[in-house]
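Undergrad: Below are the structure tokens for one structure; questions will follow.
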Amino acid sequence: MKSAGLLILVMTLVCLPGLAWAQTCPNPQKLGADFRMTDDASWSMLPSLSWTGSEFGVGWCGSNIYFARVSSSGTKLGTDLLVTDDATCIWGPSLSWTGSEFGVSWYDNRDGNFEIYFARVSSSGAKIGSDLRVTSDASISWYPSLSWTGSEFGVSWQDYRDANYPISDWSYEIYFARVSSSGAKLGSDLRVTSAAGYSQWPSLSWTGSEFGVSWQDYRDWNYEIYFARISSAGAKIGSDLRVTDDAHDSEYPSLSWTGSEFGVSWNDRRDGNAEIYFARISSTGAKLGSDLRMTSDANYSRYPSLSWTGSEFGMSWHDTRDGNYEIYFARVSSSGAKLGSDLRVTSAASGSYEPSLAWTGSEFGVSWYDERDGNDVIYFARIGYDSDCDGLPDDWESLYPACLDPLAGDSLGNPDGDAYPNLEEYQGGTNPCVSDCVDADGDSFGPACLPGPDCDDADPDNWTACASCLDADGDNWFVGCNAYIIRHGPDCNDADGAIHPRAKETLCDGVDQNCNGQADDDRNRDGDAYSVCAGDCHDRNAAVYPGAPELCDKIDNQCPGDWGYGVADEGCGKRGLEGGDGGGGGCFQIAGGSYSGLLSMLPVLILLGIQSFRNLPCFGKRKKSRG
């Protein structure tokens with residue numbers, strides 16, 4: 001046990017703030033909480049995320065196609081934009097940023113069958129112009145993937161128009177088209193695939209001179225991942241590359257360009273269940289190295305989304321290893337090796353599905369749809385690097401080298417001497433090296449000043465005296481501050497210095513120390529009839545509570561003060577008359593755990609005689625409560 005204790009000690013030490021000698025959290029960490037993007041009674045699904053250089057855009061489908069903006073810190077900007085409003089079946093948006101606006105593609109059946117559409121959205125979240133119908137054939141066109149070249153868009157999709165398979169229901173082929181920056185179609189459609197069998201679910205990526213496209217294909221009598229190249233003018237280059245070659249289905253590819261080669265990720269059933277895989281493809285369309293298995297759990301891992309950072313790949317997918325679908329994240333090196341361990345992004349009690357991942361230059365944004373609120377809702381989260389485990393991302397700390405160190409564990413530090421420690425500076429988007437304190441009258445009091453706010457910043461003798469700003473209990477939390485209600489206010493009890501919004505709650509004393517409106521913050525985690533303050537001595541096991549019957553479960557089901565507390569499974573042992581091995585003999589136990597059971601045994605006592613009764617096993621040895 002000494003070695004285990006040493007390991008725990010070491011793990012604890014390396015995550016203590018202030019230790020700059022070790023990089024303690026090399027894997028990406030989740031930054032902040034999940035952000036709920038949508039808040040309507042209808043369903044919202046299949047988000048597509050794109051980074052602009054300063055914020056995110058996200059498109060999704062509900063009863064129509066919608067769009068919204070998200071700040072770099074993960075807050076919603078403005079209101080939702082209704083991109084389409086034709087009351088038809090709409091699905092599958094794909095979003096791409098041009099440098100000044102967004103392009104979005106989807107499919108809907110306003111024309112009597114499913115067709116591919118395109119629209120433009122401004123950087124401020126307003127629709128530009130009208131919808132462009134990209135396809136115009138009598139068959140189904142589904143699942144577009146959109147990519148920007150620097151001057152125009154490329155869009156790829158699966159199309160049913162060729163019906164070339166012996167069983168005509170299996171006749172999807174991959175197509176490609178170009179769309180101008182102003183939203184006009186350029187040239188004609190390119191048929192990318194011509195094999196017998198399904199060709200589905202394309203993922204398109206631009207290299208700087210041409211497109212790469214990957215898809216799943218049934219030509220080999222099970223789904224395999226394929227790849228092809230398309231010129232900037234919309235012509236196919238070379239032949240198809242078969243990326244996977246196993247006897248089981250490989251599905252849902254996600255393609256990303258590094259600057260010199262492609263990375264592609266997919267889910268694969270070669271291991272008996274769906275696992276996430278990764279491979280590399282050269283710029284000329286040749287496979288590089290072997291497949292990398294990313295996940296190794298006994299449950300389903302599906303729908304990966306891949307993004308390149310400039311030095312490595314980030315990958316997100318949904319996974320059932322926790323008993324329901326959750327969003328996960330992992331990293332892959334430029335040479336195709338897994339880096340670190342998987343990060344579980346979501347921990348909701350309901351399913352979280354089909355993530356879309358985007359890199360900002362310093363961290364990842366990920367969006368998905370989620371069932372935790374009773375219907376399908378769009379969520380967003382941030383993933384970044386936090387080497388010292390202090391809650392401050394490395395990239396943010398690196399912006400302020402004069403006062404911060406990514407390895408120093410300095411979230412509680414306050415180098416600029418204002419009212420906000422570094423963690424609050426990060427959360428508020430302010431500079432930790434420059435004081436935010438405004439003190440016009442030079443009395444050290446004012447907004448964001450460490451001593452407190454000032455209700456009259458023109459009079460150095462008037463800040464606590466004026467009735468509009470008071471701290472009667474001297475805990476540096478204020479009441480009645482009018483315009484100066486800041487992070488150090490308001491105080492819910494200005495007569496007690498131990499009560500303020502950051503005080504530690506004392507459980508079960510009937511006092512609200514932390515000003516959250518709830519006395520005691522009482523808990524009932526296990527859902528039995530007793531909370532902690534009602535006497536539950538084990539709030540993570542519903543079989544343990546005051547007055548609980550003893551069960552043969554190898555634990556003590558009673559609480560302090562109960563008869564039998566302190567002994568597990570009384571009456572259940574091998575010598576017991578009740579429970580246990582059921583063999584009889586051994587220790588005599590009074591019924592119900594009290595001497596009231598003697599009344600029912602009175603005839604027996606008379607017959608046996610008092611001496612015999614004394615010789616019964618365990619007579620007079622009633623367990624004593626520790627309470």
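Simple scheme: letters A, B, ... for chains in structure tokens order, numbers from 1 for residues in each chain, numbers from 1 for ligands in the order shown.
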Might you pull out every residue within 8 Å of A:Glu312, with only C-alpha atoms counted and same-chain residues fewer than 6 positions away left off, and present them as a list of chain:residue names?

TA: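 Skipping anything fewer than 6 positions along the chain leaves A:Arg331, A:Val332, A:Ser333, A:Ser334.
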
Undergrad: Per residue of stretch 23-54 of chain A within 10 Å of stretch 93-96 of chain A, record the nearest atom pair and its distance in Å to one decimal, counting only C-alpha atoms, with rows in chain order and ascending residue number, as a tab-separated table.

TA:
```
residue	atom	partner	partner_atom	distance
A:Met45	CA	A:Pro93	CA	9.7
A:Leu46	CA	A:Pro93	CA	7.4
A:Pro47	CA	A:Pro93	CA	7.3
A:Ser48	CA	A:Ser94	CA	5.6
A:Leu49	CA	A:Leu95	CA	6.6
A:Ser50	CA	A:Ser96	CA	6.0
A:Trp51	CA	A:Ser96	CA	8.5
A:Thr52	CA	A:Ser96	CA	9.2
```

Undergrad: So that I can see what lies close to A:Gly314, please list as a short mmCIF file (atom, residue, chain, number, x, y, z; two decimals) with N, CA and C atoms, in the first residue's frame the residues with an atom at most 10 Å from it, counting only C-alpha atoms and leaving out residues fewer than 4 positions away in the same chain.

TA:
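New file selection_23.cif:
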```cif
data_model
loop_
_atom_site.label_atom_id
_atom_site.label_comp_id
_atom_site.auth_asym_id
_atom_site.auth_seq_id
_atom_site.Cartn_x
_atom_site.Cartn_y
_atom_site.Cartn_z
N PRO A 28 -5.30 17.96 -23.42
CA PRO A 28 -6.29 19.05 -23.44
C PRO A 28 -7.32 18.86 -22.33
N SER A 305 -15.26 13.66 -36.01
CA SER A 305 -15.04 14.95 -36.67
C SER A 305 -13.58 15.32 -36.44
N LEU A 306 -12.86 15.60 -37.53
CA LEU A 306 -11.41 15.79 -37.50
C LEU A 306 -11.05 17.23 -37.80
N SER A 307 -10.04 17.77 -37.09
CA SER A 307 -9.60 19.15 -37.32
C SER A 307 -8.09 19.24 -37.12
N TRP A 308 -7.40 19.97 -38.00
CA TRP A 308 -5.94 20.14 -37.97
C TRP A 308 -5.58 21.43 -37.26
N THR A 309 -4.57 21.37 -36.37
CA THR A 309 -4.18 22.55 -35.58
C THR A 309 -3.00 23.31 -36.17
N PHE A 329 -13.04 13.33 -26.98
CA PHE A 329 -12.02 14.05 -27.75
C PHE A 329 -10.67 13.38 -27.56
N ALA A 330 -9.85 13.37 -28.62
CA ALA A 330 -8.49 12.85 -28.53
C ALA A 330 -7.62 13.55 -29.57
N ARG A 331 -6.30 13.32 -29.49
CA ARG A 331 -5.34 13.96 -30.37
C ARG A 331 -4.57 12.90 -31.16
N VAL A 332 -4.13 13.30 -32.36
CA VAL A 332 -3.33 12.43 -33.22
C VAL A 332 -2.15 13.26 -33.74
N SER A 333 -0.95 12.70 -33.69
CA SER A 333 0.23 13.41 -34.16
C SER A 333 0.23 13.52 -35.68
N LEU A 339 -1.93 10.65 -29.29
CA LEU A 339 -1.26 11.44 -28.27
C LEU A 339 -2.14 11.51 -27.03
N LEU A 357 -16.21 19.65 -34.89
CA LEU A 357 -15.03 20.21 -34.22
C LEU A 357 -14.38 21.29 -35.07
N ALA A 358 -13.89 22.35 -34.44
CA ALA A 358 -13.19 23.43 -35.16
C ALA A 358 -12.04 23.95 -34.30
N TRP A 359 -10.91 24.28 -34.93
CA TRP A 359 -9.72 24.80 -34.26
C TRP A 359 -9.65 26.30 -34.42
N GLU A 363 -7.26 26.84 -29.32
CA GLU A 363 -8.09 25.84 -28.65
C GLU A 363 -9.13 25.31 -29.63
N PHE A 364 -9.88 24.32 -29.20
CA PHE A 364 -10.94 23.74 -30.03
C PHE A 364 -12.30 24.20 -29.54
N ILE A 383 -12.35 23.26 -25.68
CA ILE A 383 -11.32 22.32 -25.26
C ILE A 383 -9.97 22.99 -25.50
#
```

Undergrad: Leaving out A:Phe118 and any residue of its chain fewer than 3 positions from it, which residues lie within 7 Å of it when counting only C-alpha atoms, given as JSON, numbers by chain?

TA: {"A": [104, 105, 106, 131, 132, 133, 134]}

Undergrad: Please identify which residues in stretch 273-371 of chain A DSSP calls strand (DSSP E or B) from the backbone, and express them as a VMD selection string.

TA: chain A and resid 275 to 282 287 to 293 301 to 308 312 to 319 326 to 333 338 to 344 352 to 359 364 to 370

Undergrad: May I have the residues within 12 Å of stretch 230-238 of chain A as JSON, numbers by chain, using only C-alpha atoms and disregarding those fewer than 2 positions away in the same chain?

TA: {"A": [147, 148, 149, 150, 151, 152, 153, 154, 155, 156, 174, 175, 176, 177, 178, 179, 180, 185, 186, 187, 188, 189, 190, 191, 192, 193, 194, 204, 205, 206, 207, 208, 209, 210, 211, 212, 213, 214, 227, 228, 240, 241, 283, 284, 285, 286]}

Undergrad: Measuring between only C-alpha atoms, which one of A:Ala440, A:Ile140, A:Val264, A:Met37 shows the shortest distance to A:Pro460?

TA: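 Ranked by minimum distance to A:Pro460, first place goes to A:Ala440.
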